[in-house]
Each structure stands twice: as structure tokens, then as C-alpha cells.
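Structure first, commentary second.
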Amino acid sequence: MGTLNLGCLQKQPRSRIIKNLKRMRKKQTNSFFLKIFLLILIPLSFILLVASLSFGVYQWDVLFSDLLMRGELVVKQAAHLAENPLLEESYFDLLDAIDIIMKEKDVVHVHVMDTDGTIIESSNHKIRKTKMSHSVVKTFAWIETPGNDIIHFLYPVLGGVKGFVCVELSKKRISTEIAGIHTLLTIFILLFIGISLLISYLISRSIIKPINNLKDTFKQVADGNLDVQINTSRTDEIGTLARSFAKTRDEIVKYIEELKGKERLEKELEVAAAVQRNMIPRELPSISGYDIAATSFMAREVGGDFYDIITIDRENLMIIIGDVSGKGMPAALYMSATLSIIYGIIYEFKYSRKAISTFSLLSVLEILNNVLKAKMRRASFVTLFIGILNLKNNQFRYSSSGHDPVILYNPKTERYEELKTVGQSCGIVRAGLFNKTLEEKIITIKKDDYLLFNTDGVTEAYNKNKDLYKKNYLANINNLQGEESPEGIITFLINDIRDFINKEPQHDDITLVCIKKM
Amino acid sequence: MSKNGKKLLEKEEITLSMDSIDNNIVILHLSGVINVNTADDLMFSFDEIDHKYKPKYYIFDFIDVEYISSAGIGVFMDLFERVDDHSGKICFIQMHTNIKEVFDLMCFSQYFGFVDSLDAAKRYINE
């Protein structure tokens, strides 16, 4: 495997680096091919070579054994043929017998010796009457002299009583045959090596080719082509690898699609959050004699809390704070629907030109309950505190449907009231049960009175010990000195809630509205 | 009341187990937090109980319920509507004051019984 020297990489021009990388990639591929090729070739060649050599050795053994066997037969035949001539001392007959033996294959010479080892008769007349170098034998024997192609076969005549015979056989013929076999074997070995090369090449290619195909596929996917087809019918490790990669690719595609979907959803949520921000007042109306501040923090991007300050006419201001059960997108949708219904009722009233005293808060809640009960999801509802503040006589007429009470507190006179009415949340019970519990009340707002509206996200904010913020909320209100501005109070409360819940996530939407009579 | 009844719902924040079902009365034990994250699961568990056992009366042991949000209240109001259609009743045992206050605030207390013991709950149901 090649390694990249980053120092060199920084100095090399880009084209050269790419060329080097290509060469390295090719080298790596060839090296891998060569390793597999040699891995197959070496043992295969070794097996063929050993087999060939074994065959050569075996052939030599077979031919040599055959020669020995024939030598034994021939020398015994010679001894048999020499028996009568030696008994009758007929040397002519002995020569005839020698001639007969000389006709046998591979026989070089035949000698007949007396009991002292002196050659009586021989096919080689020159050595007649000479002493044989071999000792006298009483049984069959053969002698091979190193560096000599002749093997001497000895056998006694008539048990050695009349001497013995010696037949010389040449190994030249079997040496020639063995040489021929060796030549043939060499050809076979070369052929086998050739075949081994071919087999090794074919096997290596059959391994490398699918790996190269897979490598090309990897590269295509790495280059961003996730549509590339990965088909394989192989059942081996390469097939498993290809299928695993195909599965990984599919997971990547799925993950990317999910990311796209999530991104799309996040964008839609951003739009929804922007839409919801437009549903609550961007700016609060500037009302003579009153200071008003409000804020709303959603637990998620969008939520179900809402508030509004709506000018009905020159003298009357409607103040709404509400909370849809649950949070997130469903709550946001119901919150929009609720505000739309309320606006519809207000505009209808405006166009009717009736006196404000005829505007029934209970009717607003009844209509809301009817619509929401029919259209809301099971177990969902809206709590609402709705009031009309008359700016001329400072009377505040209000009604609540299951919402947190509004706190009226005057630090200077220590006037403290919880503004609440009987009334169930909208959208959860039938009209018959809902309408009969509703009520409307009226109070007069005086100088330095604070009105604090909240949703349950404020009072029910809890920390990791599940302690509720409600007590702190009421204590903070009771600690007001009368000089605080509504905006300052809200800022303080929001920071205080954050400190209280500490690292706990915000579980519910938080909304606060504060009004001070100047 | 036992916490070791048949587990009907077991999640990180909430556990619902059924102590018994007899004579149209199902006795359930709840523990944890009932908020927007758990309300739907609880509602579906109630649907299953209703579908499987069709009880007329529900008794909830609330001693281990730490918190209930408006979404949780909605689940019990949804159950009330169904039970009320068959003239049934729902009773809570040993509900913490802060949770009872939420029911009061929303004027939903009138639809349920709030008692301190199982015997008292059975008496409420038989009234």
C-alpha cells in the first residue's frame, strides 16, 4: 500500500498530484492482482513440479527393477546352458551357449568361469584365461560399479561345482529411456507451468474483476451518483460485500431523503412560526391612561398560547388571553382558528352598530365552544380569558372559560383580587353542559392597579424537582412596589421563570400580559 | 392499591397499570407526569381498555401522579364524555391538591369524584 507524504503533496502541482494518485491507485490494484496471482501460481507450480519429479523417480525405479529382473533371468539361463558343456568339457558348445545369451537385449558380455574364477570362455576372447575380479559366488548376485554403465550378474553353475557365469548388462538403454522421460517431463513441467499461469491468471481475474467493478461503483457513489445500479447474483463474499454496499447506499439515500424532508419541515415550521407571530399583535395599541406590555414564548417553534388587544371602538378595548391544550403545530392551528372566530364575532358586532353593552362575552365563548367542540381533535380544548375594558369609565367586564385567573394588584392600596369566573374550557363538553356554567363579571380599574394575565405555562412551569412556579409568581406580584412598568415586570418574570426551571426544558408555552392603570 | 398490576402503558414519564376489572369497575394506577408528551398514549390506552373490557366505571389511583397539564385534563374529559354516554362515572383517589386545583380551575371537577380511599371511590360509584 502506498502512503501519501503530505509535505510533498503541498509542494507538487495539482496535475502531478492527480497523476501520482492515479499511478498509485493503479499500482495498488496491480499489486493486489499480483498477490492473488502469485498466491495461486506458487503452490500450483510446486505441486506440479513435485508430481513430475516423483513420476521421473518412479519411472527410473521401474526400469531399473526390470533390468535387474531380466539380468537374473538371463544369468540363470546362461548358467543352465553352460551346465552340459562344462560337464562334457565341450568348449564349442559353451561358445554356442554364450552366443545364445549374447542375443539377449542389453547383454554386453558373457563370461564362464571355473571354480577358481578363471575365465574359461567369454564373449570377449581377450580376457580368456584371465582371472575374474569378482569373487566366486555360490548364489545369485549382481554388482554395480559406480561410474560404470555395466551391471554384472553372477550365478553358479550346478551349485558352483562347475564354476559360475557372469552376464554383463548395459544400463545405457534405460538411461536413454530415462533421458527421454526427463525430456518429456521437462516439456510437461513447462506445459504445467504454462497451464498454472493461465489458471492463476483466470482465477485472479475472476476475483479482481468483480472487485474492480465494485470499486468503480464505490467511486461513482463517492462522486455523488447514488442512482448507480448495484446488481449481483454472486453468492460469495464479493456478492455479500456488494449487497451490503447496496444496502448502505439505500440507507444513505433514505437518510438524505429524511434530511430533505426534515429540512422542508423545518422551513414549513419557520413559515408557520412567522404566520403565528403575525397572529399576535406586532405592536400593542397606545392607550391613554394605561401602560400595556405582553410577551409570548412558545415551547416549540409554534404553539397554542395567544393573546390580543383589540380596539372595538374609541372607548372599548378587548383583551384576550388563551391557551390551546397541547403544543406545537396542532395547538397553533387551533389557536389561529380560535382567534379567527373571535375576530369574526367582533367584526360582525362592529357592523351591527349596536351598543357595546349588548356585546355578550358569554355569546363569544358559547360560539367558540360550539365550533371547537365540532371541529377540534378529541381531548383538545381552549382555555380563554376575555374582557372588555372601557377606557372612559375604567370598567372591566370579563369572562373566563377554564383559564387561569387574572391577578389585579395595587401595591399602593394593597388591593388584591383574582379575576375569575365559573366556566369550562371551550371545545370539550357539549353546549348544554358548557353554557349553564358560564358567567360574566365586572370590576372598576383604579389608578396604579396592575392587571396580570398569564397562561398556565407560567404558573405550571416546573423545575427538575417538579416544583411549580406558581408560588414564586404570586410572590413576585405581591412584591411589586408600584413603580414598575408592565414591560419591566414581564422581563423580570420571564428571567425569573428561566432561573427557576434552570436546565429543564420549557414544557409549555408561556404568555404574559400586564396592564397598569396610570 | 397496588402499583404492580397489569402494565398497560410504560414509558419514560408515565406508567399505567390495571389493578383489577370487576363488575364493570376498572381500577387503574397512574404514576408520573401527564403532559402533552404522554397524553396521547394515555388516551389510546383508555381506548384499548374501553374496547377490551367496556367498563362503566373508572377508578384512578392518582397518588403517584406528579403533574397534569391541560392536555392531560383533556384526556380525562374525553373519557368522561364516553363514560357519561353510558351513565358511568370516573373517580380519582388521593389526587394531589395542586392537580385537583387544575381540575377546579377549569371547572371540570364537577364531572368527577375525588376521594381518599378505594372504599370511598366504590361508594361514590354506587351512589
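Following the order of the C-alpha cells, first chain is A, next is B, and so on, with residues numbered from 1 inside each chain and ligands from 1 in the order they appear.
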
- request: For chain A, report every residue with an atom at most 10 Å from chain B (counting only C-alpha atoms), formatted as a ChimeraX atom specification.
  value: /A:323-328,378-383,400-405,420-430,434,437-438,456-457,460,462,466-468,507-508

Please write the residues from the selection above to a file, keeping C-alpha atoms, as a PDB file, in the first residue's frame.
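The new file again-v5.pdb reads:
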```pdb
ATOM      1  CA  ASP A 323     -54.261  28.617  25.627  1.00  0.00           C
ATOM      2  CA  VAL A 324     -54.920  25.635  23.409  1.00  0.00           C
ATOM      3  CA  SER A 325     -54.294  22.306  25.143  1.00  0.00           C
ATOM      4  CA  GLY A 326     -51.129  20.656  23.897  1.00  0.00           C
ATOM      5  CA  LYS A 327     -48.467  22.458  21.972  1.00  0.00           C
ATOM      6  CA  GLY A 328     -46.765  22.531  18.625  1.00  0.00           C
ATOM      7  CA  ARG A 378     -60.546  14.554  20.682  1.00  0.00           C
ATOM      8  CA  ALA A 379     -59.368  15.639  24.119  1.00  0.00           C
ATOM      9  CA  SER A 380     -58.325  19.072  22.829  1.00  0.00           C
ATOM     10  CA  PHE A 381     -59.729  22.332  24.142  1.00  0.00           C
ATOM     11  CA  VAL A 382     -59.071  26.028  24.525  1.00  0.00           C
ATOM     12  CA  THR A 383     -58.991  27.974  27.756  1.00  0.00           C
ATOM     13  CA  SER A 400     -63.320  33.035  31.603  1.00  0.00           C
ATOM     14  CA  SER A 401     -63.625  29.554  30.193  1.00  0.00           C
ATOM     15  CA  GLY A 402     -61.357  27.484  32.359  1.00  0.00           C
ATOM     16  CA  HIS A 403     -58.438  29.904  32.134  1.00  0.00           C
ATOM     17  CA  ASP A 404     -56.064  30.969  34.904  1.00  0.00           C
ATOM     18  CA  PRO A 405     -57.470  33.926  36.852  1.00  0.00           C
ATOM     19  CA  LYS A 420     -62.112  34.545  37.707  1.00  0.00           C
ATOM     20  CA  THR A 421     -65.490  33.284  36.679  1.00  0.00           C
ATOM     21  CA  VAL A 422     -67.047  29.877  36.545  1.00  0.00           C
ATOM     22  CA  GLY A 423     -66.644  28.423  33.093  1.00  0.00           C
ATOM     23  CA  GLN A 424     -65.278  25.348  31.390  1.00  0.00           C
ATOM     24  CA  SER A 425     -62.751  25.209  28.625  1.00  0.00           C
ATOM     25  CA  CYS A 426     -64.076  25.615  25.098  1.00  0.00           C
ATOM     26  CA  GLY A 427     -64.409  22.615  22.833  1.00  0.00           C
ATOM     27  CA  ILE A 428     -64.504  19.809  25.353  1.00  0.00           C
ATOM     28  CA  VAL A 429     -68.090  19.497  26.599  1.00  0.00           C
ATOM     29  CA  ARG A 430     -71.441  19.725  24.920  1.00  0.00           C
ATOM     30  CA  PHE A 434     -70.899  24.369  28.811  1.00  0.00           C
ATOM     31  CA  THR A 437     -71.779  27.270  33.950  1.00  0.00           C
ATOM     32  CA  LEU A 438     -70.651  30.468  32.233  1.00  0.00           C
ATOM     33  CA  ASP A 456     -50.654  28.022  32.676  1.00  0.00           C
ATOM     34  CA  GLY A 457     -47.190  27.810  31.119  1.00  0.00           C
ATOM     35  CA  GLU A 460     -47.093  25.436  35.908  1.00  0.00           C
ATOM     36  CA  TYR A 462     -41.590  23.353  36.798  1.00  0.00           C
ATOM     37  CA  LYS A 466     -41.268  19.110  39.725  1.00  0.00           C
ATOM     38  CA  ASP A 467     -41.784  22.245  41.872  1.00  0.00           C
ATOM     39  CA  LEU A 468     -44.279  24.592  40.218  1.00  0.00           C
ATOM     40  CA  HIS A 507     -42.562  22.272  28.880  1.00  0.00           C
ATOM     41  CA  ASP A 508     -45.361  24.591  27.845  1.00  0.00           C
TER      42      ASP A 508
END
```

| message | Which of chain B end up as helix (DSSP H, G or I) when DSSP is run on this backbone - answer as a ChimeraX atom specification? | response | /B:36-53,70-85,97-105,109-111,118-126

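The list of residues with at least one atom within 8 Å of region 43-47 of chain A, based on only C-alpha atoms and without residues fewer than 3 positions apart in the same chain, reads Leu39, Ile40, Val50, Ala51, Phe192, Ile193 and Ser196 of chain A.
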
Next, write the just-selected residues to a file, as an mmCIF file, in the first residue's frame, keeping C-alpha atoms as the atom set.
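Writing the result to again-v1.cif gives the following:
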```cif
data_model
loop_
_atom_site.group_PDB
_atom_site.id
_atom_site.type_symbol
_atom_site.label_atom_id
_atom_site.label_comp_id
_atom_site.auth_asym_id
_atom_site.auth_seq_id
_atom_site.Cartn_x
_atom_site.Cartn_y
_atom_site.Cartn_z
ATOM 1 C CA LEU A 39 -0.674 -16.957 -4.264
ATOM 2 C CA ILE A 40 -2.272 -19.326 -6.748
ATOM 3 C CA VAL A 50 6.858 -32.373 -7.219
ATOM 4 C CA ALA A 51 4.430 -34.571 -9.132
ATOM 5 C CA PHE A 192 2.106 -27.340 -16.461
ATOM 6 C CA ILE A 193 3.723 -24.027 -15.537
ATOM 7 C CA SER A 196 -0.653 -22.843 -13.936
#
```

Worksheet entry | strand (DSSP E) residues, from DSSP on the backbone, in region 246-493 of chain A, as a count of residues only | 59

### Message
Need the shell around Val167 (chain A): protein/DNA/RNA residues with any atom at most 12 Å away, counting only C-alpha atoms. Skip same-chain ones fewer than 4 positions apart. Format as a ChimeraX atom specification?
### Response
/A:68,70-79,98-99,101-113,122-124,140-143,150-156
